[in-house]
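These notes concern the structure reproduced below.
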Amino acid sequence: MHGISPSGSLAALLSLSATANAALTQVSNWGDNPTNLQMAVSMPSKLADKPAIILAMHPCGGSGQQYYQQANYDQQANSKGFIVVYPTTTKDSNCWDVASSQSLTHDGGGDSTGLINMVKYLIDKYDADPSKVFATGSSSGCMMTNVMLAVYPDMFAAGSCYSGVAAGCLAGSPGSSPTSADQTCATGRVVKSGDQWASQVKAMYPGFSGSYPRMQTLHGTADHFVEYSNLAEQLKEWSALLGVQFSGNTTNSPDQGYTKMTYGDGSKLVGYSAANVGHTVPVHPDLDLAWFSI
């Protein structure tokens, strides 16, 4: 019988792990870190002048190391010279805090504070372009992408994320994980108007009066872990914040079975409905970078 022996399988896994570990640099002493997050950075083979930064956030149960392997922007980063930071949370089943008032408040002392301090550290250390800071993530990481753009709209140019919920959907929940959270949000039963969502977001940073970041969000129609209806709530939220209305669909974009939902002229907000895709929609690095204009 032909195949890989158990020892060969182990060697392959160890090789993969070693390669991934070698590609990430652990960072300490990067600033105020009230919730004890971990920071790892993937640097390109050649750093661009005034490089862009992508904050890439893992799903529940994951880690920065895991999401580096899942999302993996290495090829694009080596070509374009941008930095990717892969943070880790180890609390609440490794789910990002998208529920507490601390995390849902500008400089409130939650996960969002630690994450933004990672970004500030990288801008200072590598003379990165503060107008080219982006956020992405899957599942819990997508939820946190929505939160980061809501709580720190002055720090991000755009977000692109996979299979999450609107910023504020879990507000007040006892936790953010499948076992600790109020299930009303994940099951798609938190339904609001665009104006209601926008008011909730604006209360997260009441002193902000500028334009909110551009948003791209993807969700699978067969997702019953974080229900597909949460895509509509995200789009209502960002449509209201960005002042754009639905203008049309494009079928089979970017892949067969995906439908692109365009708002306004498509420069500020788009959604993607992935037919028969469950949890989560696969990461599309090239689609993300096109949206970020990197």
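Ordering of the structure tokens sets the chain letters (A, B, ...), residue numbers begin anew at 1 in every chain, and ligands are numbered from 1 in the order given.
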Just the residues within 9 Å of A:Asn78, please, counting only C-alpha atoms, with nothing from its chain fewer than 4 positions along; format it as a PyMOL selection string. chain A and resi 43-47+73-74+82
Give me, as a Markdown table, each residue of stretch 74-137 of chain A that comes within 7 Å of stretch 55-61 of chain A, together with its shortest interatomic pair and the distance in Å at one decimal, counting only C-alpha atoms, with rows ordered by chain and rising residue number.
```
| residue | atom | partner | partner_atom | distance |
| --- | --- | --- | --- | --- |
| A:Val84 | CA | A:Leu55 | CA | 6.0 |
| A:Val85 | CA | A:Leu55 | CA | 5.1 |
| A:Tyr86 | CA | A:Ala56 | CA | 5.3 |
| A:Pro87 | CA | A:Met57 | CA | 6.3 |
| A:Ser93 | CA | A:Gly61 | CA | 5.5 |
| A:Asn94 | CA | A:Gly61 | CA | 4.8 |
| A:Cys95 | CA | A:Cys60 | CA | 4.3 |
| A:Phe134 | CA | A:Leu55 | CA | 6.1 |
| A:Ala135 | CA | A:Leu55 | CA | 4.7 |
| A:Thr136 | CA | A:Ala56 | CA | 4.9 |
| A:Gly137 | CA | A:Met57 | CA | 4.4 |
```
Store the residues picked out above, limited to N, CA and C atoms, as a PDB file, in the first residue's frame.
```pdb
ATOM      1  N   VAL A  84       1.965  42.463   7.799  1.00  0.00           N
ATOM      2  CA  VAL A  84       0.751  41.866   8.349  1.00  0.00           C
ATOM      3  C   VAL A  84       0.997  41.529   9.819  1.00  0.00           C
ATOM      4  N   VAL A  85       0.114  41.983  10.681  1.00  0.00           N
ATOM      5  CA  VAL A  85       0.198  41.632  12.101  1.00  0.00           C
ATOM      6  C   VAL A  85      -0.895  40.613  12.402  1.00  0.00           C
ATOM      7  N   TYR A  86      -0.482  39.507  13.034  1.00  0.00           N
ATOM      8  CA  TYR A  86      -1.381  38.405  13.388  1.00  0.00           C
ATOM      9  C   TYR A  86      -1.439  38.309  14.915  1.00  0.00           C
ATOM     10  N   PRO A  87      -2.403  38.980  15.539  1.00  0.00           N
ATOM     11  CA  PRO A  87      -2.499  38.941  16.998  1.00  0.00           C
ATOM     12  C   PRO A  87      -3.186  37.659  17.479  1.00  0.00           C
ATOM     13  N   SER A  93     -12.204  31.058  25.035  1.00  0.00           N
ATOM     14  CA  SER A  93     -12.029  30.123  23.910  1.00  0.00           C
ATOM     15  C   SER A  93     -11.321  30.770  22.720  1.00  0.00           C
ATOM     16  N   ASN A  94     -10.393  31.657  23.030  1.00  0.00           N
ATOM     17  CA  ASN A  94      -9.626  32.370  21.994  1.00  0.00           C
ATOM     18  C   ASN A  94     -10.538  33.152  21.044  1.00  0.00           C
ATOM     19  N   CYS A  95     -11.605  33.711  21.599  1.00  0.00           N
ATOM     20  CA  CYS A  95     -12.504  34.576  20.816  1.00  0.00           C
ATOM     21  C   CYS A  95     -12.238  36.035  21.175  1.00  0.00           C
ATOM     22  N   PHE A 134      -5.326  48.639   7.455  1.00  0.00           N
ATOM     23  CA  PHE A 134      -6.508  47.857   7.100  1.00  0.00           C
ATOM     24  C   PHE A 134      -6.735  46.741   8.124  1.00  0.00           C
ATOM     25  N   ALA A 135      -7.975  46.252   8.184  1.00  0.00           N
ATOM     26  CA  ALA A 135      -8.314  45.161   9.092  1.00  0.00           C
ATOM     27  C   ALA A 135      -9.035  44.060   8.337  1.00  0.00           C
ATOM     28  N   THR A 136      -8.782  42.826   8.753  1.00  0.00           N
ATOM     29  CA  THR A 136      -9.459  41.679   8.174  1.00  0.00           C
ATOM     30  C   THR A 136      -9.547  40.577   9.217  1.00  0.00           C
ATOM     31  N   GLY A 137     -10.367  39.564   8.945  1.00  0.00           N
ATOM     32  CA  GLY A 137     -10.483  38.441   9.868  1.00  0.00           C
ATOM     33  C   GLY A 137     -11.628  37.532   9.479  1.00  0.00           C
TER      34      GLY A 137
END
```
All helix (DSSP H, G or I) residues (DSSP, backbone) inside stretch 120-238 of chain A, as a tab-separated table (two decimals) with all heavy atoms, in the first residue's frame:
```tsv
chain	number	residue	atom	x	y	z
A	120	LYS	N	-0.27	51.12	16.11
A	120	LYS	CA	0.50	52.34	16.37
A	120	LYS	C	1.99	52.04	16.51
A	120	LYS	O	2.84	52.80	16.02
A	120	LYS	CB	-0.03	53.03	17.63
A	120	LYS	CG	-1.43	53.62	17.47
A	120	LYS	CD	-1.93	54.21	18.78
A	120	LYS	CE	-3.32	54.83	18.62
A	120	LYS	NZ	-3.84	55.38	19.91
A	121	TYR	N	2.30	50.93	17.16
A	121	TYR	CA	3.70	50.51	17.31
A	121	TYR	C	4.35	50.29	15.95
A	121	TYR	O	5.48	50.73	15.70
A	121	TYR	CB	3.74	49.23	18.15
A	121	TYR	CG	5.08	48.53	18.18
A	121	TYR	CD1	6.05	48.88	19.12
A	121	TYR	CD2	5.37	47.51	17.27
A	121	TYR	CE1	7.28	48.23	19.15
A	121	TYR	CE2	6.60	46.87	17.29
A	121	TYR	CZ	7.55	47.22	18.22
A	121	TYR	OH	8.76	46.59	18.24
A	122	LEU	N	3.65	49.61	15.06
A	122	LEU	CA	4.20	49.31	13.73
A	122	LEU	C	4.35	50.57	12.89
A	122	LEU	O	5.32	50.71	12.14
A	122	LEU	CB	3.32	48.29	13.01
A	122	LEU	CG	3.31	46.88	13.61
A	122	LEU	CD1	2.26	46.02	12.93
A	122	LEU	CD2	4.69	46.24	13.49
A	123	ILE	N	3.39	51.48	13.00
A	123	ILE	CA	3.51	52.75	12.26
A	123	ILE	C	4.77	53.48	12.69
A	123	ILE	O	5.55	53.97	11.86
A	123	ILE	CB	2.25	53.63	12.49
A	123	ILE	CG1	1.03	53.00	11.81
A	123	ILE	CG2	2.49	55.04	11.96
A	123	ILE	CD1	-0.28	53.71	12.15
A	124	ASP	N	5.01	53.53	14.00
A	124	ASP	CA	6.18	54.24	14.52
A	124	ASP	C	7.47	53.52	14.17
A	124	ASP	O	8.45	54.15	13.74
A	124	ASP	CB	6.06	54.40	16.04
A	124	ASP	CG	4.98	55.39	16.44
A	124	ASP	OD1	4.55	56.18	15.58
A	124	ASP	OD2	4.55	55.35	17.61
A	125	LYS	N	7.51	52.22	14.35
A	125	LYS	CA	8.76	51.46	14.18
A	125	LYS	C	9.20	51.40	12.72
A	125	LYS	O	10.41	51.48	12.42
A	125	LYS	CB	8.60	50.05	14.73
A	125	LYS	CG	9.88	49.21	14.67
A	125	LYS	CD	9.71	47.89	15.36
A	125	LYS	CE	10.99	47.03	15.26
A	125	LYS	NZ	12.14	47.69	15.93
A	126	TYR	N	8.25	51.27	11.81
A	126	TYR	CA	8.60	51.05	10.40
A	126	TYR	C	8.22	52.22	9.50
A	126	TYR	O	8.25	52.08	8.28
A	126	TYR	CB	7.95	49.76	9.89
A	126	TYR	CG	8.47	48.54	10.61
A	126	TYR	CD1	7.70	47.92	11.59
A	126	TYR	CD2	9.74	48.04	10.34
A	126	TYR	CE1	8.18	46.80	12.27
A	126	TYR	CE2	10.22	46.93	11.01
A	126	TYR	CZ	9.45	46.31	11.97
A	126	TYR	OH	9.93	45.21	12.65
A	140	SER	N	-14.96	35.18	14.39
A	140	SER	CA	-14.71	36.14	15.47
A	140	SER	C	-13.81	37.26	15.00
A	140	SER	O	-13.96	38.43	15.41
A	140	SER	CB	-14.08	35.42	16.67
A	140	SER	OG	-13.77	36.31	17.70
A	141	GLY	N	-12.86	36.94	14.11
A	141	GLY	CA	-11.98	37.98	13.56
A	141	GLY	C	-12.71	38.95	12.66
A	141	GLY	O	-12.33	40.13	12.57
A	142	CYS	N	-13.78	38.49	11.99
A	142	CYS	CA	-14.61	39.39	11.20
A	142	CYS	C	-15.46	40.28	12.12
A	142	CYS	O	-15.63	41.47	11.86
A	142	CYS	CB	-15.49	38.59	10.25
A	142	CYS	SG	-16.56	39.60	9.18
A	143	MET	N	-15.95	39.67	13.19
A	143	MET	CA	-16.69	40.47	14.18
A	143	MET	C	-15.80	41.59	14.72
A	143	MET	O	-16.22	42.74	14.86
A	143	MET	CB	-17.16	39.57	15.31
A	143	MET	CG	-18.09	38.46	14.89
A	143	MET	SD	-18.57	37.41	16.30
A	143	MET	CE	-19.32	36.01	15.43
A	144	MET	N	-14.52	41.23	14.98
A	144	MET	CA	-13.59	42.23	15.53
A	144	MET	C	-13.18	43.24	14.47
A	144	MET	O	-12.90	44.39	14.80
A	144	MET	CB	-12.36	41.53	16.12
A	144	MET	CG	-11.58	42.40	17.08
A	144	MET	SD	-12.61	42.81	18.52
A	144	MET	CE	-11.57	43.99	19.36
A	145	THR	N	-13.17	42.83	13.20
A	145	THR	CA	-12.91	43.80	12.13
A	145	THR	C	-13.99	44.88	12.14
A	145	THR	O	-13.69	46.09	12.05
A	145	THR	CB	-12.88	43.09	10.76
A	145	THR	OG1	-11.79	42.17	10.73
A	145	THR	CG2	-12.73	44.09	9.62
A	146	ASN	N	-15.25	44.45	12.24
A	146	ASN	CA	-16.35	45.42	12.33
A	146	ASN	C	-16.16	46.34	13.53
A	146	ASN	O	-16.36	47.56	13.44
A	146	ASN	CB	-17.68	44.68	12.43
A	146	ASN	CG	-18.22	44.22	11.10
A	146	ASN	OD1	-18.97	44.93	10.45
A	146	ASN	ND2	-17.85	43.01	10.70
A	147	VAL	N	-15.77	45.76	14.67
A	147	VAL	CA	-15.58	46.56	15.89
A	147	VAL	C	-14.43	47.53	15.74
A	147	VAL	O	-14.55	48.72	16.09
A	147	VAL	CB	-15.36	45.63	17.11
A	147	VAL	CG1	-14.87	46.44	18.32
A	147	VAL	CG2	-16.66	44.91	17.46
A	148	MET	N	-13.30	47.09	15.20
A	148	MET	CA	-12.14	47.98	15.09
A	148	MET	C	-12.45	49.17	14.19
A	148	MET	O	-12.06	50.31	14.49
A	148	MET	CB	-10.93	47.21	14.56
A	148	MET	CG	-10.38	46.16	15.52
A	148	MET	SD	-9.94	46.79	17.15
A	148	MET	CE	-8.55	47.85	16.77
A	149	LEU	N	-13.16	48.94	13.09
A	149	LEU	CA	-13.51	50.05	12.20
A	149	LEU	C	-14.52	50.99	12.84
A	149	LEU	O	-14.54	52.19	12.54
A	149	LEU	CB	-14.06	49.51	10.88
A	149	LEU	CG	-13.03	49.28	9.76
A	149	LEU	CD1	-11.96	48.29	10.16
A	149	LEU	CD2	-13.73	48.81	8.48
A	150	ALA	N	-15.34	50.45	13.74
A	150	ALA	CA	-16.33	51.27	14.43
A	150	ALA	C	-15.70	52.08	15.56
A	150	ALA	O	-16.02	53.26	15.75
A	150	ALA	CB	-17.44	50.38	14.98
A	151	VAL	N	-14.81	51.45	16.33
A	151	VAL	CA	-14.24	52.08	17.51
A	151	VAL	C	-13.06	52.98	17.17
A	151	VAL	O	-12.80	53.98	17.84
A	151	VAL	CB	-13.82	50.99	18.54
A	151	VAL	CG1	-13.13	51.59	19.74
A	151	VAL	CG2	-15.06	50.20	18.99
A	194	GLY	N	-30.77	50.54	9.66
A	194	GLY	CA	-29.44	51.11	9.45
A	194	GLY	C	-29.17	52.27	10.39
A	194	GLY	O	-28.07	52.39	10.94
A	195	ASP	N	-30.16	53.11	10.59
A	195	ASP	CA	-29.98	54.26	11.48
A	195	ASP	C	-29.74	53.82	12.92
A	195	ASP	O	-28.95	54.44	13.64
A	195	ASP	CB	-31.20	55.18	11.41
A	195	ASP	CG	-31.27	55.97	10.11
A	195	ASP	OD1	-30.24	56.06	9.41
A	195	ASP	OD2	-32.36	56.49	9.79
A	196	GLN	N	-30.41	52.75	13.35
A	196	GLN	CA	-30.20	52.24	14.71
A	196	GLN	C	-28.78	51.70	14.87
A	196	GLN	O	-28.12	51.96	15.88
A	196	GLN	CB	-31.23	51.16	15.03
A	196	GLN	CG	-32.62	51.69	15.25
A	196	GLN	CD	-33.66	50.58	15.39
A	196	GLN	OE1	-33.55	49.53	14.74
A	196	GLN	NE2	-34.66	50.80	16.23
A	197	TRP	N	-28.32	50.96	13.87
A	197	TRP	CA	-26.94	50.46	13.92
A	197	TRP	C	-25.95	51.62	13.93
A	197	TRP	O	-24.98	51.62	14.71
A	197	TRP	CB	-26.65	49.57	12.72
A	197	TRP	CG	-27.17	48.18	12.77
A	197	TRP	CD1	-28.05	47.60	11.90
A	197	TRP	CD2	-26.83	47.15	13.72
A	197	TRP	NE1	-28.28	46.29	12.25
A	197	TRP	CE2	-27.54	45.99	13.36
A	197	TRP	CE3	-26.00	47.12	14.83
A	197	TRP	CZ2	-27.44	44.80	14.08
A	197	TRP	CZ3	-25.90	45.94	15.56
A	197	TRP	CH2	-26.60	44.80	15.18
A	198	ALA	N	-26.18	52.60	13.08
A	198	ALA	CA	-25.25	53.73	12.98
A	198	ALA	C	-25.19	54.51	14.30
A	198	ALA	O	-24.11	54.92	14.73
A	198	ALA	CB	-25.66	54.65	11.85
A	199	SER	N	-26.32	54.68	14.94
A	199	SER	CA	-26.33	55.39	16.23
A	199	SER	C	-25.53	54.63	17.28
A	199	SER	O	-24.80	55.23	18.09
A	199	SER	CB	-27.78	55.57	16.72
A	199	SER	OG	-28.48	56.44	15.87
A	200	GLN	N	-25.65	53.31	17.26
A	200	GLN	CA	-24.90	52.49	18.21
A	200	GLN	C	-23.40	52.61	17.96
A	200	GLN	O	-22.61	52.74	18.91
A	200	GLN	CB	-25.35	51.03	18.10
A	200	GLN	CG	-24.72	50.11	19.14
A	200	GLN	CD	-25.29	48.70	19.10
A	200	GLN	OE1	-26.08	48.36	18.23
A	200	GLN	NE2	-24.87	47.88	20.04
A	201	VAL	N	-23.00	52.58	16.71
A	201	VAL	CA	-21.58	52.71	16.37
A	201	VAL	C	-21.06	54.09	16.76
A	201	VAL	O	-19.97	54.21	17.36
A	201	VAL	CB	-21.35	52.44	14.87
A	201	VAL	CG1	-19.95	52.88	14.45
A	201	VAL	CG2	-21.56	50.96	14.57
A	202	LYS	N	-21.79	55.11	16.44
A	202	LYS	CA	-21.32	56.47	16.73
A	202	LYS	C	-21.14	56.70	18.22
A	202	LYS	O	-20.29	57.49	18.64
A	202	LYS	CB	-22.27	57.49	16.11
A	202	LYS	CG	-22.19	57.52	14.59
A	202	LYS	CD	-23.20	58.47	13.98
A	202	LYS	CE	-23.10	58.47	12.45
A	202	LYS	NZ	-24.10	59.37	11.82
A	229	SER	N	-28.09	35.66	7.83
A	229	SER	CA	-28.83	36.93	7.94
A	229	SER	C	-27.99	38.03	8.57
A	229	SER	O	-28.31	39.22	8.43
A	229	SER	CB	-30.12	36.74	8.73
A	229	SER	OG	-29.85	36.21	10.02
A	230	ASN	N	-26.90	37.67	9.26
A	230	ASN	CA	-26.02	38.70	9.82
A	230	ASN	C	-25.31	39.52	8.75
A	230	ASN	O	-24.87	40.64	9.02
A	230	ASN	CB	-24.99	38.06	10.76
A	230	ASN	CG	-25.59	37.73	12.12
A	230	ASN	OD1	-25.96	38.63	12.86
A	230	ASN	ND2	-25.69	36.45	12.42
A	231	LEU	N	-25.21	38.97	7.54
A	231	LEU	CA	-24.64	39.76	6.45
A	231	LEU	C	-25.49	40.99	6.19
A	231	LEU	O	-24.96	42.10	6.01
A	231	LEU	CB	-24.54	38.90	5.18
A	231	LEU	CG	-24.07	39.63	3.91
A	231	LEU	CD1	-22.68	40.20	4.06
A	231	LEU	CD2	-24.13	38.68	2.70
A	232	ALA	N	-26.81	40.83	6.15
A	232	ALA	CA	-27.71	41.96	5.90
A	232	ALA	C	-27.57	43.03	6.97
A	232	ALA	O	-27.62	44.24	6.69
A	232	ALA	CB	-29.15	41.48	5.81
A	233	GLU	N	-27.38	42.59	8.23
A	233	GLU	CA	-27.24	43.57	9.32
A	233	GLU	C	-25.94	44.36	9.19
A	233	GLU	O	-25.92	45.57	9.42
A	233	GLU	CB	-27.33	42.86	10.67
A	233	GLU	CG	-28.65	42.14	10.91
A	233	GLU	CD	-29.86	43.05	10.70
A	233	GLU	OE1	-29.93	44.12	11.33
A	233	GLU	OE2	-30.73	42.67	9.89
A	234	GLN	N	-24.86	43.67	8.82
A	234	GLN	CA	-23.61	44.39	8.57
A	234	GLN	C	-23.78	45.42	7.46
A	234	GLN	O	-23.32	46.56	7.57
A	234	GLN	CB	-22.50	43.42	8.17
A	234	GLN	CG	-21.98	42.52	9.26
A	234	GLN	CD	-20.90	41.60	8.73
A	234	GLN	OE1	-19.75	42.01	8.52
A	234	GLN	NE2	-21.26	40.35	8.49
A	235	LEU	N	-24.43	45.02	6.40
A	235	LEU	CA	-24.59	45.92	5.26
A	235	LEU	C	-25.49	47.10	5.61
A	235	LEU	O	-25.25	48.23	5.16
A	235	LEU	CB	-25.13	45.15	4.05
A	235	LEU	CG	-24.14	44.14	3.45
A	235	LEU	CD1	-24.82	43.25	2.41
A	235	LEU	CD2	-22.93	44.85	2.83
A	236	LYS	N	-26.51	46.88	6.41
A	236	LYS	CA	-27.35	48.00	6.87
A	236	LYS	C	-26.52	48.96	7.71
A	236	LYS	O	-26.62	50.20	7.55
A	236	LYS	CB	-28.54	47.47	7.68
A	236	LYS	CG	-29.65	46.88	6.84
A	236	LYS	CD	-30.92	46.64	7.65
A	236	LYS	CE	-30.82	45.46	8.55
A	236	LYS	NZ	-32.09	45.18	9.28
A	237	GLU	N	-25.70	48.41	8.59
A	237	GLU	CA	-24.88	49.25	9.47
A	237	GLU	C	-23.93	50.14	8.68
A	237	GLU	O	-23.90	51.37	8.86
A	237	GLU	CB	-24.08	48.35	10.42
A	237	GLU	CG	-23.17	49.09	11.37
A	237	GLU	CD	-22.58	48.15	12.41
A	237	GLU	OE1	-21.60	47.43	12.09
A	237	GLU	OE2	-23.09	48.11	13.54
A	238	TRP	N	-23.17	49.54	7.77
A	238	TRP	CA	-22.17	50.31	7.03
A	238	TRP	C	-22.79	51.17	5.94
A	238	TRP	O	-22.25	52.24	5.61
A	238	TRP	CB	-21.08	49.38	6.51
A	238	TRP	CG	-20.30	48.83	7.65
A	238	TRP	CD1	-20.43	47.60	8.25
A	238	TRP	CD2	-19.33	49.56	8.43
A	238	TRP	NE1	-19.59	47.51	9.34
A	238	TRP	CE2	-18.90	48.69	9.46
A	238	TRP	CE3	-18.79	50.83	8.34
A	238	TRP	CZ2	-17.95	49.08	10.40
A	238	TRP	CZ3	-17.84	51.22	9.27
A	238	TRP	CH2	-17.43	50.35	10.29
```
Mind the document's chain letters and residue numbers, and return as a list of chain:residue names the residues of stretch 6-132 of chain A that DSSP labels strand (DSSP E or B).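 Written out, the strand (DSSP E or B) residues of stretch 6-132 of chain A are A:Leu24, A:Thr25, A:Gln26, A:Val27, A:Gln38, A:Met39, A:Ala40, A:Val41, A:Ser42, A:Ile53, A:Ile54, A:Leu55, A:Ala56, A:Met57, A:Ile83, A:Val84, A:Val85, A:Thr88.
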From the options A:Ala157, A:Ala274, A:Ile83, A:Ala171, which residue's atoms come nearest to A:Ser293, counting only C-alpha atoms?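 Nearest candidate to A:Ser293 out of A:Ala157, A:Ala274, A:Ile83, A:Ala171: A:Ala157.
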What are the closest atom pairs, with distances in Å to one decimal, for each residue of stretch 73-176 of chain A lying within 9 Å of stretch 204-218 of chain A, using only C-alpha atoms, rows by chain and rising residue number, as CSV?
```
residue,atom,partner,partner_atom,distance
A:Ser101,CA,A:Met204,CA,8.7
A:Leu104,CA,A:Met204,CA,5.9
A:Thr105,CA,A:Met204,CA,4.7
A:His106,CA,A:Tyr205,CA,5.4
A:Asp107,CA,A:Tyr205,CA,8.9
A:Cys142,CA,A:Thr217,CA,8.3
A:Asn146,CA,A:Met215,CA,8.5
A:Leu149,CA,A:Pro213,CA,6.4
A:Ala150,CA,A:Met204,CA,7.1
A:Val151,CA,A:Met204,CA,5.7
A:Tyr152,CA,A:Tyr205,CA,7.6
A:Pro153,CA,A:Tyr212,CA,5.4
A:Asp154,CA,A:Gly210,CA,7.4
A:Met155,CA,A:Pro213,CA,8.7
A:Phe156,CA,A:Pro213,CA,6.1
A:Ala157,CA,A:Pro213,CA,5.0
A:Ala158,CA,A:Arg214,CA,4.4
A:Gly159,CA,A:Met215,CA,4.9
A:Ser160,CA,A:Gln216,CA,4.5
A:Cys161,CA,A:Thr217,CA,5.0
A:Tyr162,CA,A:Leu218,CA,4.9
A:Ser163,CA,A:Leu218,CA,6.0
A:Gly164,CA,A:Thr217,CA,8.2
```
List as CSV every residue of stretch 85-169 of chain A that is in contact with stretch 27-36 of chain A, defined as an atom at most 9 Å from one of its atoms (using only C-alpha atoms), together with the nearest atom pair and the distance in Å rounded to one decimal, sorted by chain and then rising number.
```
residue,atom,partner,partner_atom,distance
A:Thr89,CA,A:Asn36,CA,7.6
A:Thr90,CA,A:Asn36,CA,8.4
A:Lys91,CA,A:Thr35,CA,8.7
A:Gly109,CA,A:Pro34,CA,5.8
A:Gly110,CA,A:Thr35,CA,6.2
A:Asp111,CA,A:Thr35,CA,5.9
A:Thr113,CA,A:Asn33,CA,7.2
A:Gly114,CA,A:Asn33,CA,4.6
A:Leu115,CA,A:Asn33,CA,8.1
A:Asn117,CA,A:Gly31,CA,5.9
A:Met118,CA,A:Trp30,CA,6.3
A:Lys120,CA,A:Gly31,CA,8.6
A:Tyr121,CA,A:Trp30,CA,5.9
A:Leu122,CA,A:Trp30,CA,8.6
```
Could you write those residues out with N, CA, C and O atoms, as a PDB file, in the first residue's frame?
```
ATOM      1  N   THR A  89      -5.628  36.231  20.911  1.00  0.00           N
ATOM      2  CA  THR A  89      -6.250  36.322  22.222  1.00  0.00           C
ATOM      3  C   THR A  89      -6.380  34.910  22.774  1.00  0.00           C
ATOM      4  O   THR A  89      -6.692  33.972  22.035  1.00  0.00           O
ATOM      5  N   THR A  90      -6.133  34.766  24.075  1.00  0.00           N
ATOM      6  CA  THR A  90      -6.202  33.442  24.696  1.00  0.00           C
ATOM      7  C   THR A  90      -7.368  33.323  25.680  1.00  0.00           C
ATOM      8  O   THR A  90      -7.479  32.326  26.381  1.00  0.00           O
ATOM      9  N   LYS A  91      -8.229  34.307  25.703  1.00  0.00           N
ATOM     10  CA  LYS A  91      -9.366  34.292  26.626  1.00  0.00           C
ATOM     11  C   LYS A  91     -10.648  33.862  25.914  1.00  0.00           C
ATOM     12  O   LYS A  91     -10.753  33.957  24.696  1.00  0.00           O
ATOM     13  N   GLY A 109     -10.033  50.232  27.001  1.00  0.00           N
ATOM     14  CA  GLY A 109      -9.275  49.283  27.804  1.00  0.00           C
ATOM     15  C   GLY A 109      -9.575  47.825  27.527  1.00  0.00           C
ATOM     16  O   GLY A 109      -9.174  46.953  28.301  1.00  0.00           O
ATOM     17  N   GLY A 110     -10.250  47.517  26.426  1.00  0.00           N
ATOM     18  CA  GLY A 110     -10.537  46.136  26.053  1.00  0.00           C
ATOM     19  C   GLY A 110      -9.588  45.637  24.978  1.00  0.00           C
ATOM     20  O   GLY A 110      -8.527  46.232  24.724  1.00  0.00           O
ATOM     21  N   ASP A 111      -9.972  44.534  24.328  1.00  0.00           N
ATOM     22  CA  ASP A 111      -9.146  43.986  23.244  1.00  0.00           C
ATOM     23  C   ASP A 111      -8.873  45.023  22.161  1.00  0.00           C
ATOM     24  O   ASP A 111      -7.776  45.059  21.580  1.00  0.00           O
ATOM     25  N   THR A 113      -8.347  48.117  22.386  1.00  0.00           N
ATOM     26  CA  THR A 113      -7.254  49.023  22.777  1.00  0.00           C
ATOM     27  C   THR A 113      -5.905  48.378  22.516  1.00  0.00           C
ATOM     28  O   THR A 113      -4.996  49.008  21.951  1.00  0.00           O
ATOM     29  N   GLY A 114      -5.741  47.126  22.928  1.00  0.00           N
ATOM     30  CA  GLY A 114      -4.488  46.436  22.684  1.00  0.00           C
ATOM     31  C   GLY A 114      -4.190  46.296  21.204  1.00  0.00           C
ATOM     32  O   GLY A 114      -3.043  46.481  20.759  1.00  0.00           O
ATOM     33  N   LEU A 115      -5.209  45.982  20.420  1.00  0.00           N
ATOM     34  CA  LEU A 115      -5.015  45.809  18.979  1.00  0.00           C
ATOM     35  C   LEU A 115      -4.582  47.105  18.307  1.00  0.00           C
ATOM     36  O   LEU A 115      -3.683  47.108  17.455  1.00  0.00           O
ATOM     37  N   ASN A 117      -3.019  49.510  19.628  1.00  0.00           N
ATOM     38  CA  ASN A 117      -1.660  49.850  20.048  1.00  0.00           C
ATOM     39  C   ASN A 117      -0.616  49.045  19.269  1.00  0.00           C
ATOM     40  O   ASN A 117       0.509  49.516  19.080  1.00  0.00           O
ATOM     41  N   MET A 118      -0.971  47.840  18.815  1.00  0.00           N
ATOM     42  CA  MET A 118      -0.083  47.101  17.913  1.00  0.00           C
ATOM     43  C   MET A 118       0.119  47.882  16.618  1.00  0.00           C
ATOM     44  O   MET A 118       1.243  47.998  16.107  1.00  0.00           O
ATOM     45  N   LYS A 120      -0.271  51.124  16.113  1.00  0.00           N
ATOM     46  CA  LYS A 120       0.500  52.345  16.373  1.00  0.00           C
ATOM     47  C   LYS A 120       1.988  52.037  16.508  1.00  0.00           C
ATOM     48  O   LYS A 120       2.842  52.803  16.021  1.00  0.00           O
ATOM     49  N   TYR A 121       2.304  50.930  17.160  1.00  0.00           N
ATOM     50  CA  TYR A 121       3.701  50.506  17.314  1.00  0.00           C
ATOM     51  C   TYR A 121       4.353  50.286  15.954  1.00  0.00           C
ATOM     52  O   TYR A 121       5.477  50.733  15.703  1.00  0.00           O
ATOM     53  N   LEU A 122       3.646  49.606  15.057  1.00  0.00           N
ATOM     54  CA  LEU A 122       4.199  49.312  13.733  1.00  0.00           C
ATOM     55  C   LEU A 122       4.346  50.571  12.888  1.00  0.00           C
ATOM     56  O   LEU A 122       5.322  50.713  12.139  1.00  0.00           O
TER      57      LEU A 122
END
```
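Residues in contact with A:Thr250 at 7 Å, where only C-alpha atoms are counted and same-chain residues fewer than 3 positions away are skipped, are listed as Ser253, Thr259, Lys260 and Met261 of chain A.
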Choose the residue, out of A:Gly168, A:Pro178, A:Gly266, A:Gly62, that has the smallest atom-to-atom separation from A:Ser100; count only C-alpha atoms. A:Gly168
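Of the residues listed (A:Ala71, A:Thr262, A:Glu227, A:Lys268), A:Ala71 shows the shortest atom-to-atom separation from A:Val283; distances use only C-alpha atoms.
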Nearest to A:Gln38 among A:Arg189, A:Gln245, A:Lys132, A:Gly64, with distances taken over only C-alpha atoms: which residue is it?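 The shortest atom-to-atom distance to A:Gln38 comes from A:Gly64.
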Go through A:Ala275, A:Val165, A:Ala290, A:Val270 and flag the residue nearest A:Gly220, using only C-alpha atoms for the distances.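 Using only C-alpha atoms, the shortest distance to A:Gly220 belongs to A:Ala275.
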Suppose you want the space between atom CA of A:Pro51 and atom CA of A:Gln66; what is it in Å?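 Atom-to-atom, atom CA of A:Pro51 to atom CA of A:Gln66, that is 23.9 Å.
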